[in-house]
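Visitor: One structure coming up, written as structure tokens, with questions to follow.
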Amino acid sequence: MSTCRRHPAGPRPDPGLLVRCRDLPTSILSDSMERVGGVRGVHWVPGGRWPRVAGPALTVRTRPGDNLVIHRALDLAEPGDVLVVDGGGFLERAVLGEIMGRYAVTRGIAAIVVDGAVRDAEGLAAGPIPVFAAGINHLGPYKDGPGEVHGPVQAGGSVVRSGDLVVGDADGVVVVPHERGSEVVGRGEQRLRAEEEQFAEIAAGTFDRSWVLETLTEELVTGDGPR
Ligand SMILES: O=C([O-])CC(=O)C(=O)O
Ligand SMILES: [Mg+2]
């Protein structure tokens, strides 16, 4: 027998905030958090294409290459949770596949994020919920533990706590600390409006480019080298 350390579940985000998150690209959200941090190197499984997803993190830390505690977490899930698995970024063995993906759907899980490898990529890509992973590997997991559920974890270099807001789309995954939720979403909405204005200016031919040469000192290079 091994151990699953089970922490108390984190707070549930305001459903209205989650609805607003689903209108904000992850690029806008990470810009709204100073462009630092965020989950790196975790993307949709190949062939997957889903709408943007947002939900509270159900965190799992597992021994790399082992999925016993992920199975435990599936049975502890609340509808709307985003399962975030800290698999230590280990890519030599998958920790989740189509059976678990299909079961996760029946548990109401909104998305799966694995900082590690998954398998059965075609089946996961055809499923109704987004699956983000750092890699794909046909080699399957062991089922021995140990691990933790609802504790603080890392995914792609970002700290994730149970109840943090996880947002994922074609660019990857962003985690908004739950106490910063309304602040970051409010900033994101302003940024989105500013970007939409830029799109309109590009289309109208009035896009101001003066800042580029105001920011650069340009050296003209000739055949004889810089002058
Ligand atoms: O065998 C496993 O534990 C993982 C897997 O492929 C699946 O969930 O389909
Ligand atoms: Mg399988």
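Within each chain, counting starts at residue 1; across the structure tokens, chains are named A, B, ... in the order shown, with ligands numbered 1 upward in that order.
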Which chains and residue numbers are within 10 Å of ligand 1, counting only C-alpha atoms and all ligand atoms, if I want them as a PyMOL selection string?

Guide: chain A and resi 65-68+70-71+93-104+118-121+123-124+137-143

Visitor: Excluding same-chain residues fewer than 6 positions from Ala126 (chain A), what lies within 10 Å of it counting only C-alpha atoms, as a PDB file with all heavy atoms, in the first residue's frame?

Guide:
```pdb
ATOM      1  N   VAL A  45      -3.825  17.640 -27.174  1.00  0.00           N
ATOM      2  CA  VAL A  45      -3.283  16.444 -27.825  1.00  0.00           C
ATOM      3  C   VAL A  45      -3.461  16.624 -29.336  1.00  0.00           C
ATOM      4  O   VAL A  45      -4.409  17.276 -29.787  1.00  0.00           O
ATOM      5  CB  VAL A  45      -3.957  15.135 -27.328  1.00  0.00           C
ATOM      6  CG1 VAL A  45      -3.672  14.896 -25.863  1.00  0.00           C
ATOM      7  CG2 VAL A  45      -5.432  15.130 -27.603  1.00  0.00           C
ATOM      8  N   GLY A  47      -4.509  16.757 -32.984  1.00  0.00           N
ATOM      9  CA  GLY A  47      -5.812  16.498 -33.609  1.00  0.00           C
ATOM     10  C   GLY A  47      -6.974  17.045 -32.816  1.00  0.00           C
ATOM     11  O   GLY A  47      -8.084  17.138 -33.330  1.00  0.00           O
ATOM     12  N   GLY A  48      -6.751  17.418 -31.579  1.00  0.00           N
ATOM     13  CA  GLY A  48      -7.845  17.946 -30.755  1.00  0.00           C
ATOM     14  C   GLY A  48      -8.171  19.381 -31.138  1.00  0.00           C
ATOM     15  O   GLY A  48      -7.285  20.137 -31.555  1.00  0.00           O
ATOM     16  N   ARG A  49      -9.421  19.716 -31.030  1.00  0.00           N
ATOM     17  CA  ARG A  49      -9.859  21.094 -31.309  1.00  0.00           C
ATOM     18  C   ARG A  49     -11.141  21.324 -30.505  1.00  0.00           C
ATOM     19  O   ARG A  49     -12.146  20.665 -30.769  1.00  0.00           O
ATOM     20  CB  ARG A  49     -10.119  21.265 -32.807  1.00  0.00           C
ATOM     21  CG  ARG A  49     -10.385  22.690 -33.189  1.00  0.00           C
ATOM     22  CD  ARG A  49     -10.349  22.915 -34.694  1.00  0.00           C
ATOM     23  NE  ARG A  49     -10.651  24.315 -34.958  1.00  0.00           N
ATOM     24  CZ  ARG A  49      -9.770  25.298 -34.841  1.00  0.00           C
ATOM     25  NH1 ARG A  49      -8.533  25.024 -34.518  1.00  0.00           N
ATOM     26  NH2 ARG A  49     -10.127  26.552 -35.064  1.00  0.00           N
ATOM     27  N   TRP A  50     -11.054  22.207 -29.526  1.00  0.00           N
ATOM     28  CA  TRP A  50     -12.195  22.391 -28.615  1.00  0.00           C
ATOM     29  C   TRP A  50     -12.430  23.867 -28.340  1.00  0.00           C
ATOM     30  O   TRP A  50     -11.516  24.686 -28.526  1.00  0.00           O
ATOM     31  CB  TRP A  50     -11.879  21.702 -27.273  1.00  0.00           C
ATOM     32  CG  TRP A  50     -11.732  20.217 -27.322  1.00  0.00           C
ATOM     33  CD1 TRP A  50     -12.749  19.303 -27.340  1.00  0.00           C
ATOM     34  CD2 TRP A  50     -10.518  19.449 -27.336  1.00  0.00           C
ATOM     35  NE1 TRP A  50     -12.226  18.018 -27.356  1.00  0.00           N
ATOM     36  CE2 TRP A  50     -10.869  18.076 -27.357  1.00  0.00           C
ATOM     37  CE3 TRP A  50      -9.159  19.765 -27.320  1.00  0.00           C
ATOM     38  CZ2 TRP A  50      -9.933  17.049 -27.369  1.00  0.00           C
ATOM     39  CZ3 TRP A  50      -8.228  18.747 -27.343  1.00  0.00           C
ATOM     40  CH2 TRP A  50      -8.611  17.405 -27.363  1.00  0.00           C
ATOM     41  N   GLU A  98      -7.499   6.928 -22.966  1.00  0.00           N
ATOM     42  CA  GLU A  98      -8.902   7.122 -23.354  1.00  0.00           C
ATOM     43  C   GLU A  98      -9.883   6.580 -22.327  1.00  0.00           C
ATOM     44  O   GLU A  98     -10.971   7.147 -22.135  1.00  0.00           O
ATOM     45  CB  GLU A  98      -9.145   6.456 -24.721  1.00  0.00           C
ATOM     46  CG  GLU A  98     -10.522   6.768 -25.275  1.00  0.00           C
ATOM     47  CD  GLU A  98     -10.737   6.223 -26.674  1.00  0.00           C
ATOM     48  OE1 GLU A  98      -9.800   5.637 -27.264  1.00  0.00           O
ATOM     49  OE2 GLU A  98     -11.869   6.366 -27.171  1.00  0.00           O
TER      50      GLU A  98
END
```

Visitor: His7 (chain A): which residues within 12 Å, counting only C-alpha atoms, same-chain residues fewer than 5 positions away excluded, as a VMD selection string?

Guide: chain A and resid 58 to 61 73 76 147 to 153 161 to 163

Visitor: Find the residues near region 82-89 of chain A: any atom within 7 Å, counting only C-alpha atoms, skip ones fewer than 3 places away on the same chain, and give them as a list in words.

Guide: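 Counting only the stated atoms, we get Gly55, Pro56, Ala57, Leu58, Thr59, Val60, Arg61, Thr62, Arg63, Pro64, Ile109, Ala110, Ala111, Ile112, Val113, Val114, Asp115, Gly116, Ala134, Val153, Gln154, Ala155 and Val166 of chain A.
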
Visitor: Output C-alpha atoms for every residue in that selection, as a short mmCIF file (atom, residue, chain, number, x, y, z; two decimals), in the first residue's frame.

Guide:
```cif
data_model
loop_
_atom_site.label_atom_id
_atom_site.label_comp_id
_atom_site.auth_asym_id
_atom_site.auth_seq_id
_atom_site.Cartn_x
_atom_site.Cartn_y
_atom_site.Cartn_z
CA GLY A 55 -12.85 25.85 -14.41
CA PRO A 56 -11.43 25.42 -10.93
CA ALA A 57 -8.31 23.28 -10.61
CA LEU A 58 -8.57 19.81 -9.13
CA THR A 59 -4.88 19.31 -8.44
CA VAL A 60 -3.04 15.99 -8.42
CA ARG A 61 0.62 15.28 -7.87
CA THR A 62 1.62 11.83 -8.92
CA ARG A 63 4.79 9.86 -8.97
CA PRO A 64 6.07 10.28 -12.54
CA ILE A 109 -14.70 17.08 -15.48
CA ALA A 110 -14.43 20.04 -17.88
CA ALA A 111 -10.84 19.50 -19.05
CA ILE A 112 -7.65 17.57 -18.32
CA VAL A 113 -4.19 19.11 -18.07
CA VAL A 114 -1.21 16.78 -17.70
CA ASP A 115 2.34 17.98 -17.13
CA GLY A 116 3.55 14.63 -18.37
CA ALA A 134 3.26 17.84 -22.50
CA VAL A 153 1.36 21.44 -7.47
CA GLN A 154 3.36 22.73 -10.41
CA ALA A 155 2.37 22.37 -14.03
CA VAL A 166 -7.57 27.23 -15.11
#
```

Visitor: Which is closer to ligand 2 than all the others in A:Glu197, A:Pro46, A:Glu122, A:Leu24, using only C-alpha atoms and all ligand atoms?

Guide: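 For ligand 2, the nearest of the candidates is A:Glu122.
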
Visitor: Could you pull out the helix (DSSP H, G or I) residues of region 40-96 of chain A, going by DSSP on the backbone, and write them as a VMD selection string?

Guide: chain A and resid 68 to 76

Visitor: So, counting only C-alpha atoms, which residue among A:Ala54, A:Ile28, A:Ala9, A:Met1 is closest to Gly186 (chain A)?

Guide: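 Checking each of A:Ala54, A:Ile28, A:Ala9, A:Met1 against Gly186 (chain A), counting only C-alpha atoms, the winner is A:Ile28.
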
Visitor: As a list of chain:residue names, please: the residues near Ser32 (chain A) (cut-off 10 Å, only C-alpha atoms, same-chain neighbours under 3 positions excluded).

Guide: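 Using only C-alpha atoms, the neighbours found are A:Thr26, A:Ser27, A:Ile28, A:Leu29, A:Arg35, A:Val36, A:Val176, A:Glu183, A:Val184, A:Val185, A:Gly186, A:Arg187, A:Gly188, A:Glu189, A:Gln190, A:Arg191.
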
Visitor: What are the DSSP strand (DSSP E) residues of chain A, as a PyMOL selection string?

Guide: chain A and resi 4-6+43-44+53-62+82-86+111-118+131-136+147-149+153-155+158-160+165-169+172-176+221-222+225-226

Visitor: At a cut-off of 12 Å, using only C-alpha atoms, what residues contact Val53 (chain A)? Leave out same-chain residues fewer than 6 positions from it and give the result as a VMD selection string.

Guide: chain A and resid 18 to 26 44 80 to 83 109 to 113 128 to 132 165 to 175

Visitor: Please, could you write that set of residues out with C-alpha atoms as a compact mmCIF listing (two decimals), in the first residue's frame?

Guide:
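To be explicit, this is the file written out as selection14.txt:
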```
# COMPACT_ATOMS: atom_id res chain seq x y z
CA LEU A 18 -15.89 31.49 -15.34
CA VAL A 19 -18.32 32.58 -18.06
CA ARG A 20 -16.28 35.81 -18.51
CA CYS A 21 -13.03 33.79 -18.61
CA ARG A 22 -14.35 31.76 -21.55
CA ASP A 23 -14.42 34.97 -23.63
CA LEU A 24 -10.75 35.74 -22.90
CA PRO A 25 -7.96 34.14 -24.94
CA THR A 26 -5.17 32.69 -22.80
CA TRP A 44 -3.99 20.05 -26.88
CA GLY A 80 -16.80 21.64 -13.85
CA ASP A 81 -13.38 20.85 -12.35
CA VAL A 82 -10.28 21.00 -14.51
CA LEU A 83 -8.06 18.07 -13.56
CA ILE A 109 -14.70 17.08 -15.48
CA ALA A 110 -14.43 20.04 -17.88
CA ALA A 111 -10.84 19.50 -19.05
CA ILE A 112 -7.65 17.57 -18.32
CA VAL A 113 -4.19 19.11 -18.07
CA PRO A 128 -15.79 16.05 -25.84
CA ILE A 129 -13.42 17.59 -23.30
CA PRO A 130 -10.09 19.27 -23.99
CA VAL A 131 -7.01 17.27 -23.04
CA PHE A 132 -3.74 19.19 -22.70
CA LEU A 165 -8.92 29.30 -12.24
CA VAL A 166 -7.57 27.23 -15.11
CA VAL A 167 -8.23 28.50 -18.63
CA GLY A 168 -7.16 26.58 -21.73
CA ASP A 169 -7.40 27.11 -25.47
CA ALA A 170 -5.38 26.61 -28.66
CA ASP A 171 -2.43 28.54 -27.17
CA GLY A 172 -2.18 26.37 -24.05
CA VAL A 173 -3.09 26.80 -20.41
CA VAL A 174 -3.09 29.76 -18.03
CA VAL A 175 -3.69 29.56 -14.30
```

Visitor: Report, in Å with one decimal, the straight-line distance from CA of Thr215 (chain A) to CA of Arg40 (chain A).

Guide: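 Computing the Euclidean distance for CA of Thr215 (chain A) and CA of Arg40 (chain A) yields 28.7 Å.
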
Visitor: Which distance in Å separates CA of Thr106 (chain A) and CA of Val39 (chain A), to one decimal?

Guide: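 Between these atoms lies a distance of 26.2 Å.
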
Visitor: Between CA of Cys4 (chain A) and CA of Arg72 (chain A), what is the distance, to one decimal in Å?

Guide: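 Those two atoms sit 8.3 Å apart.
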